[in-house]
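A.B. asks: Please find upload06.txt (compact mmCIF, N, CA and C atoms) on the next line:
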```
# COMPACT_ATOMS: atom_id res chain seq x y z
N MET A 1 113.64 87.44 116.86
CA MET A 1 112.35 87.13 117.46
C MET A 1 112.17 87.99 118.70
N LEU A 2 110.97 88.44 118.89
CA LEU A 2 110.64 89.29 120.02
C LEU A 2 110.28 88.46 121.25
N GLY A 3 110.40 89.08 122.41
CA GLY A 3 110.01 88.41 123.65
C GLY A 3 108.51 88.20 123.71
N LYS A 4 108.10 87.30 124.59
CA LYS A 4 106.69 86.95 124.71
C LYS A 4 105.81 88.10 125.17
N ARG A 5 106.35 89.07 125.87
CA ARG A 5 105.53 90.15 126.42
C ARG A 5 105.88 91.50 125.79
N THR A 6 106.43 91.49 124.58
CA THR A 6 106.84 92.73 123.92
C THR A 6 105.70 93.26 123.06
N LEU A 7 105.36 94.51 123.26
CA LEU A 7 104.33 95.16 122.46
C LEU A 7 104.98 96.32 121.73
N LEU A 8 104.95 96.27 120.40
CA LEU A 8 105.47 97.36 119.59
C LEU A 8 104.30 97.95 118.83
N VAL A 9 104.04 99.22 119.05
CA VAL A 9 102.94 99.90 118.38
C VAL A 9 103.52 100.95 117.45
N VAL A 10 103.16 100.88 116.19
CA VAL A 10 103.54 101.90 115.22
C VAL A 10 102.30 102.73 114.99
N SER A 11 102.38 103.99 115.32
CA SER A 11 101.21 104.86 115.26
C SER A 11 101.48 106.06 114.36
N THR A 12 100.64 106.25 113.36
CA THR A 12 100.79 107.37 112.44
C THR A 12 99.45 107.69 111.80
N ASP A 13 99.24 108.94 111.47
CA ASP A 13 98.10 109.30 110.65
C ASP A 13 98.43 108.88 109.22
N LEU A 14 97.41 108.83 108.38
CA LEU A 14 97.62 108.58 106.97
C LEU A 14 97.57 109.93 106.25
N SER A 15 96.64 110.12 105.33
CA SER A 15 96.58 111.39 104.58
C SER A 15 96.18 112.54 105.49
N HIS A 16 96.54 113.77 105.05
CA HIS A 16 96.21 114.96 105.83
C HIS A 16 95.53 116.01 104.97
N TYR A 17 94.39 116.50 105.46
CA TYR A 17 93.72 117.70 104.96
C TYR A 17 93.30 117.64 103.51
N LEU A 18 92.99 116.44 103.02
CA LEU A 18 92.38 116.29 101.70
C LEU A 18 90.88 116.26 101.88
N ASP A 19 90.13 116.44 100.79
CA ASP A 19 88.68 116.26 100.91
C ASP A 19 88.42 114.77 101.09
N TYR A 20 87.23 114.45 101.57
CA TYR A 20 86.87 113.09 101.96
C TYR A 20 87.14 112.07 100.86
N ALA A 21 86.64 112.32 99.64
CA ALA A 21 86.77 111.35 98.55
C ALA A 21 88.23 111.15 98.15
N THR A 22 89.00 112.23 98.08
CA THR A 22 90.41 112.13 97.73
C THR A 22 91.18 111.38 98.81
N ALA A 23 90.87 111.67 100.07
CA ALA A 23 91.52 110.97 101.19
C ALA A 23 91.21 109.48 101.15
N GLU A 24 89.96 109.15 100.86
CA GLU A 24 89.59 107.73 100.78
C GLU A 24 90.43 107.00 99.74
N ARG A 25 90.58 107.60 98.57
CA ARG A 25 91.38 106.99 97.50
C ARG A 25 92.84 106.87 97.92
N ARG A 26 93.40 107.95 98.44
CA ARG A 26 94.82 107.93 98.85
C ARG A 26 95.04 106.90 99.95
N ASP A 27 94.17 106.88 100.97
CA ASP A 27 94.35 105.96 102.09
C ASP A 27 94.12 104.51 101.67
N LEU A 28 93.24 104.29 100.72
CA LEU A 28 93.04 102.93 100.21
C LEU A 28 94.30 102.45 99.49
N ALA A 29 94.94 103.33 98.74
CA ALA A 29 96.20 102.98 98.09
C ALA A 29 97.28 102.71 99.13
N THR A 30 97.34 103.53 100.18
CA THR A 30 98.31 103.32 101.26
C THR A 30 98.04 101.98 101.95
N ALA A 31 96.76 101.68 102.17
CA ALA A 31 96.41 100.40 102.80
C ALA A 31 96.92 99.24 101.95
N GLY A 32 96.77 99.34 100.65
CA GLY A 32 97.27 98.29 99.77
C GLY A 32 98.77 98.12 99.89
N THR A 33 99.48 99.24 99.99
CA THR A 33 100.94 99.20 100.16
C THR A 33 101.31 98.50 101.47
N ILE A 34 100.61 98.85 102.54
CA ILE A 34 100.84 98.22 103.84
C ILE A 34 100.57 96.73 103.76
N GLU A 35 99.47 96.37 103.12
CA GLU A 35 99.05 94.97 103.07
C GLU A 35 99.93 94.12 102.15
N ARG A 36 100.67 94.75 101.25
CA ARG A 36 101.66 94.04 100.43
C ARG A 36 103.02 94.00 101.13
N LEU A 37 103.09 94.61 102.30
CA LEU A 37 104.35 94.72 103.06
C LEU A 37 105.43 95.40 102.22
N ASP A 38 105.01 96.39 101.43
CA ASP A 38 105.92 97.13 100.56
C ASP A 38 106.51 98.29 101.34
N TYR A 39 107.72 98.14 101.79
CA TYR A 39 108.37 99.17 102.61
C TYR A 39 109.21 100.14 101.79
N THR A 40 109.08 100.11 100.47
CA THR A 40 109.92 100.96 99.62
C THR A 40 109.21 102.15 99.01
N THR A 41 107.89 102.24 99.13
CA THR A 41 107.17 103.29 98.38
C THR A 41 106.43 104.32 99.22
N LEU A 42 106.19 104.07 100.49
CA LEU A 42 105.44 105.04 101.29
C LEU A 42 106.26 106.30 101.51
N GLY A 43 105.60 107.45 101.40
CA GLY A 43 106.27 108.73 101.61
C GLY A 43 105.43 109.63 102.50
N PRO A 44 105.86 110.88 102.67
CA PRO A 44 105.19 111.80 103.60
C PRO A 44 103.76 112.15 103.21
N ASN A 45 103.38 111.99 101.96
CA ASN A 45 101.99 112.25 101.57
C ASN A 45 101.08 111.07 101.90
N ASP A 46 101.67 109.93 102.19
CA ASP A 46 100.90 108.73 102.52
C ASP A 46 100.66 108.58 104.01
N ALA A 47 101.68 108.93 104.80
CA ALA A 47 101.61 108.81 106.27
C ALA A 47 102.70 109.70 106.85
N CYS A 48 102.35 110.50 107.84
CA CYS A 48 103.37 111.41 108.41
C CYS A 48 104.50 110.63 109.08
N GLY A 49 104.21 109.44 109.57
CA GLY A 49 105.23 108.60 110.19
C GLY A 49 105.72 107.52 109.24
N PHE A 50 105.84 107.87 107.96
CA PHE A 50 106.18 106.88 106.94
C PHE A 50 107.51 106.18 107.20
N SER A 51 108.50 106.85 107.76
CA SER A 51 109.81 106.21 107.96
C SER A 51 109.71 105.04 108.94
N ALA A 52 109.10 105.25 110.08
CA ALA A 52 108.97 104.16 111.05
C ALA A 52 108.00 103.09 110.54
N LEU A 53 106.95 103.52 109.83
CA LEU A 53 106.03 102.56 109.25
C LEU A 53 106.76 101.68 108.25
N ASN A 54 107.60 102.29 107.39
CA ASN A 54 108.39 101.49 106.44
C ASN A 54 109.31 100.53 107.18
N GLY A 55 109.88 100.97 108.30
CA GLY A 55 110.72 100.07 109.10
C GLY A 55 109.95 98.87 109.61
N ALA A 56 108.74 99.12 110.10
CA ALA A 56 107.90 98.02 110.59
C ALA A 56 107.51 97.09 109.45
N LEU A 57 107.21 97.67 108.28
CA LEU A 57 106.85 96.84 107.12
C LEU A 57 108.04 96.00 106.66
N CYS A 58 109.23 96.56 106.73
CA CYS A 58 110.44 95.82 106.38
C CYS A 58 110.62 94.63 107.31
N ALA A 59 110.48 94.87 108.60
CA ALA A 59 110.59 93.78 109.58
C ALA A 59 109.53 92.71 109.34
N ALA A 60 108.30 93.15 109.09
CA ALA A 60 107.20 92.22 108.85
C ALA A 60 107.46 91.39 107.59
N SER A 61 107.99 92.04 106.57
CA SER A 61 108.29 91.33 105.33
C SER A 61 109.40 90.30 105.55
N ARG A 62 110.45 90.69 106.23
CA ARG A 62 111.58 89.79 106.47
C ARG A 62 111.21 88.63 107.39
N CYS A 63 110.24 88.85 108.27
CA CYS A 63 109.80 87.80 109.19
C CYS A 63 108.62 87.00 108.63
N SER A 64 108.19 87.34 107.41
CA SER A 64 107.06 86.66 106.75
C SER A 64 105.78 86.71 107.57
N TRP A 65 105.51 87.87 108.17
CA TRP A 65 104.28 88.02 108.92
C TRP A 65 103.11 88.20 107.97
N THR A 66 101.94 87.85 108.44
CA THR A 66 100.69 88.04 107.72
C THR A 66 100.05 89.32 108.23
N VAL A 67 99.47 90.11 107.32
CA VAL A 67 98.85 91.37 107.71
C VAL A 67 97.34 91.28 107.53
N THR A 68 96.61 91.82 108.49
CA THR A 68 95.14 91.86 108.45
C THR A 68 94.68 93.27 108.75
N ARG A 69 93.87 93.83 107.85
CA ARG A 69 93.32 95.17 108.10
C ARG A 69 92.20 95.05 109.13
N LEU A 70 92.30 95.88 110.17
CA LEU A 70 91.28 95.93 111.21
C LEU A 70 90.29 97.07 110.96
N ASP A 71 90.77 98.19 110.41
CA ASP A 71 89.91 99.34 110.17
C ASP A 71 90.62 100.31 109.24
N LEU A 72 89.84 101.07 108.48
CA LEU A 72 90.36 102.15 107.64
C LEU A 72 89.26 103.19 107.54
N ARG A 73 89.56 104.41 107.97
CA ARG A 73 88.58 105.48 107.93
C ARG A 73 89.29 106.81 108.02
N ASN A 74 88.51 107.88 108.04
CA ASN A 74 89.12 109.20 108.24
C ASN A 74 88.24 110.02 109.17
N SER A 75 88.74 111.18 109.53
CA SER A 75 88.05 112.01 110.52
C SER A 75 86.67 112.43 110.05
N GLY A 76 86.43 112.43 108.75
CA GLY A 76 85.09 112.75 108.24
C GLY A 76 84.06 111.72 108.65
N ASP A 77 84.48 110.51 108.92
CA ASP A 77 83.56 109.46 109.36
C ASP A 77 83.05 109.70 110.77
N THR A 78 83.83 110.41 111.57
CA THR A 78 83.41 110.66 112.95
C THR A 78 82.91 112.08 113.17
N SER A 79 83.53 113.05 112.51
CA SER A 79 83.13 114.44 112.74
C SER A 79 82.04 114.90 111.79
N GLY A 80 81.93 114.25 110.64
CA GLY A 80 80.98 114.68 109.63
C GLY A 80 81.55 115.74 108.69
N GLU A 81 82.62 116.41 109.08
CA GLU A 81 83.29 117.41 108.24
C GLU A 81 84.07 116.69 107.14
N GLN A 82 83.74 116.96 105.88
CA GLN A 82 84.37 116.22 104.79
C GLN A 82 85.23 117.08 103.87
N ARG A 83 85.39 118.35 104.18
CA ARG A 83 86.21 119.22 103.32
C ARG A 83 87.71 119.02 103.56
N ARG A 84 88.10 118.78 104.81
CA ARG A 84 89.51 118.56 105.18
C ARG A 84 89.54 117.48 106.24
N VAL A 85 90.05 116.31 105.87
CA VAL A 85 90.03 115.17 106.79
C VAL A 85 91.44 114.63 106.99
N VAL A 86 91.57 113.79 108.01
CA VAL A 86 92.82 113.08 108.29
C VAL A 86 92.51 111.59 108.29
N GLY A 87 93.33 110.81 107.60
CA GLY A 87 93.10 109.37 107.49
C GLY A 87 93.73 108.59 108.62
N TYR A 88 93.10 107.45 108.96
CA TYR A 88 93.58 106.55 110.01
C TYR A 88 93.34 105.11 109.57
N GLY A 89 94.15 104.21 110.03
CA GLY A 89 93.94 102.80 109.77
C GLY A 89 94.51 101.98 110.90
N ALA A 90 94.13 100.72 110.94
CA ALA A 90 94.67 99.79 111.94
C ALA A 90 94.88 98.44 111.28
N TRP A 91 96.05 97.87 111.52
CA TRP A 91 96.40 96.57 110.97
C TRP A 91 97.04 95.72 112.05
N ALA A 92 96.84 94.41 111.96
CA ALA A 92 97.53 93.46 112.85
C ALA A 92 98.45 92.62 112.00
N PHE A 93 99.66 92.40 112.49
CA PHE A 93 100.64 91.56 111.82
C PHE A 93 100.86 90.34 112.70
N THR A 94 100.75 89.16 112.12
CA THR A 94 100.92 87.94 112.90
C THR A 94 101.91 87.01 112.22
N ALA A 95 102.58 86.22 113.02
CA ALA A 95 103.51 85.21 112.51
C ALA A 95 102.81 83.87 112.57
N GLU A 96 102.93 83.11 111.53
CA GLU A 96 102.31 81.80 111.45
C GLU A 96 102.68 80.93 112.64
N SER A 97 103.94 80.92 113.01
CA SER A 97 104.41 80.05 114.08
C SER A 97 104.01 80.55 115.47
N ALA A 98 103.42 81.73 115.54
CA ALA A 98 103.09 82.29 116.85
C ALA A 98 101.59 82.41 117.06
N SER A 99 100.82 81.57 116.40
CA SER A 99 99.37 81.70 116.52
C SER A 99 98.89 81.58 117.96
N ARG A 100 99.57 80.78 118.78
CA ARG A 100 99.17 80.66 120.17
C ARG A 100 99.50 81.92 120.97
N LEU A 101 100.39 82.77 120.45
CA LEU A 101 100.78 83.98 121.16
C LEU A 101 99.92 85.18 120.81
N GLY A 102 99.27 85.15 119.68
CA GLY A 102 98.41 86.27 119.28
C GLY A 102 99.13 87.24 118.37
N LYS A 103 98.78 88.51 118.46
CA LYS A 103 99.32 89.53 117.56
C LYS A 103 100.80 89.74 117.82
N LEU A 104 101.57 89.85 116.74
CA LEU A 104 102.99 90.14 116.89
C LEU A 104 103.30 91.60 116.65
N ALA A 105 102.56 92.25 115.80
CA ALA A 105 102.81 93.67 115.57
C ALA A 105 101.51 94.32 115.16
N THR A 106 101.28 95.51 115.63
CA THR A 106 100.05 96.20 115.31
C THR A 106 100.35 97.63 114.93
N VAL A 107 99.76 98.06 113.82
CA VAL A 107 99.85 99.45 113.40
C VAL A 107 98.49 100.06 113.69
N VAL A 108 98.43 101.11 114.51
CA VAL A 108 97.15 101.63 114.95
C VAL A 108 97.10 103.14 114.86
N ALA A 109 95.87 103.64 114.80
CA ALA A 109 95.67 105.08 114.93
C ALA A 109 95.91 105.47 116.37
N PRO A 110 96.35 106.71 116.63
CA PRO A 110 96.68 107.11 118.01
C PRO A 110 95.58 106.84 119.02
N ARG A 111 94.33 106.98 118.66
CA ARG A 111 93.24 106.79 119.62
C ARG A 111 93.08 105.33 120.04
N ASP A 112 93.67 104.40 119.28
CA ASP A 112 93.53 102.98 119.58
C ASP A 112 94.66 102.42 120.43
N VAL A 113 95.69 103.20 120.68
CA VAL A 113 96.87 102.70 121.38
C VAL A 113 96.50 102.15 122.75
N ALA A 114 95.69 102.85 123.51
CA ALA A 114 95.31 102.39 124.86
C ALA A 114 94.55 101.08 124.79
N ASP A 115 93.67 100.92 123.79
CA ASP A 115 92.91 99.68 123.65
C ASP A 115 93.84 98.51 123.38
N VAL A 116 94.81 98.70 122.48
CA VAL A 116 95.74 97.62 122.17
C VAL A 116 96.61 97.31 123.37
N ALA A 117 97.08 98.33 124.08
CA ALA A 117 97.96 98.13 125.23
C ALA A 117 97.28 97.36 126.34
N GLU A 118 95.96 97.44 126.44
CA GLU A 118 95.24 96.75 127.51
C GLU A 118 95.07 95.26 127.22
N THR A 119 95.26 94.82 125.96
CA THR A 119 95.08 93.41 125.63
C THR A 119 96.33 92.63 125.97
N ASP A 120 96.18 91.34 126.13
CA ASP A 120 97.32 90.49 126.44
C ASP A 120 97.81 89.85 125.14
N THR A 121 98.41 90.66 124.28
CA THR A 121 98.92 90.16 123.01
C THR A 121 100.42 90.39 122.93
N VAL A 122 101.05 89.66 122.07
CA VAL A 122 102.47 89.84 121.82
C VAL A 122 102.58 90.70 120.59
N ALA A 123 103.39 91.74 120.63
CA ALA A 123 103.53 92.61 119.48
C ALA A 123 104.90 93.26 119.46
N GLN A 124 105.18 93.87 118.33
CA GLN A 124 106.41 94.61 118.17
C GLN A 124 105.97 96.06 117.99
N SER A 125 106.65 97.07 118.60
CA SER A 125 106.08 98.40 118.62
C SER A 125 107.06 99.54 118.50
N ALA A 126 106.56 100.64 117.88
CA ALA A 126 107.27 101.92 117.84
C ALA A 126 106.22 102.99 117.69
N HIS A 127 106.41 104.15 118.28
CA HIS A 127 105.41 105.22 118.18
C HIS A 127 105.91 106.28 117.20
N LEU A 128 105.05 106.67 116.28
CA LEU A 128 105.35 107.70 115.28
C LEU A 128 104.40 108.86 115.45
N SER A 129 104.81 110.02 115.13
CA SER A 129 103.94 111.19 115.00
C SER A 129 104.77 112.40 114.76
```
Would you encode the structure as structure tokens?

C.D. replies:
Amino acid sequence: MLGKRTLLVVSTDLSHYLDYATAERRDLATAGTIERLDYTTLGPNDACGFSALNGALCAASRCSWTVTRLDLRNSGDTSGEQRRVVGYGAWAFTAESASRLGKLATVVAPRDVADVAETDTVAQSAHLS
């Protein structure tokens, strides 16, 4: 069990340099893997920080945490360029017994790290890139 004031952030991009439609499909499949807490199948084509992400998923699975998708998008959604995009997602992992404490683990895109760090939530964290 983590301390009450521990924040662990796992940060990684998802797909890299695919066209928009292909990235959407790949990242949606990766999101499903994350949401099933499947720490055995993610590889370097799914997320550049797949090793640490798999570690976080393993911990979440063993601790029976619940996962909630907060966002899933790619750089084409913000830049408008859809020929070569990078995927991003954000998920919150919570423990049933810690509902009064808030988030226990959060997987975020790099741009969201500061936002998560400013909140008063409990989380488990590691930085990937």

A.B. asks: If you count only C-alpha atoms, which residues fall within 12 Å of Phe50 (chain A), apart from same-chain ones fewer than 3 positions away, as a VMD selection string?

C.D. replies: chain A and resid 10 to 15 30 33 to 34 38 to 47 53 to 58 107 127 to 129

A.B. asks: According to DSSP computed on the backbone, where in region 12-82 of chain A is there alpha helix (DSSP H)? Give the residues as number ranges by chain.

C.D. replies: A: 20-35, 50-62, 75-79

A.B. asks: Find, counting all atoms listed in the file, the residue in A:Gly49, A:His16, A:Ser75, A:Ala60 that gets nearest to Leu37 (chain A).

C.D. replies: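 Going through A:Gly49, A:His16, A:Ser75, A:Ala60 one by one, the smallest distance to Leu37 (chain A) is for A:Ala60.
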
A.B. asks: So the first atom is CA of Arg36 (chain A) and the second is atom N of Leu70 (chain A); what is the distance between them in Å, to one decimal place?

C.D. replies: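 Those two atoms sit 13.6 Å apart.
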
A.B. asks: Calculated over all atoms listed in the file, which of the candidates A:Arg73, A:Val67, A:Gly80, A:Asp19 has the smallest distance to Ala95 (chain A)?

C.D. replies: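 Closest to Ala95 (chain A), using all atoms listed in the file: A:Val67.
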
A.B. asks: So which residues of region 19-104 of chain A fall under strand (DSSP E or B) by DSSP, listed as a ChimeraX atom specification?

C.D. replies: /A:66-74,85-94

A.B. asks: Work out how far apart CA of Leu18 (chain A) and CA of Arg83 (chain A) are and give it in Å to one decimal.

C.D. replies: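 Atom-to-atom, CA of Leu18 (chain A) to CA of Arg83 (chain A), that is 7.0 Å.
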
A.B. asks: Report the distance between CA of Asp27 (chain A) and CA of Val86 (chain A) in Å, rounded to one decimal place.

C.D. replies: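 Rounded to one decimal, the two atoms are 9.6 Å apart.
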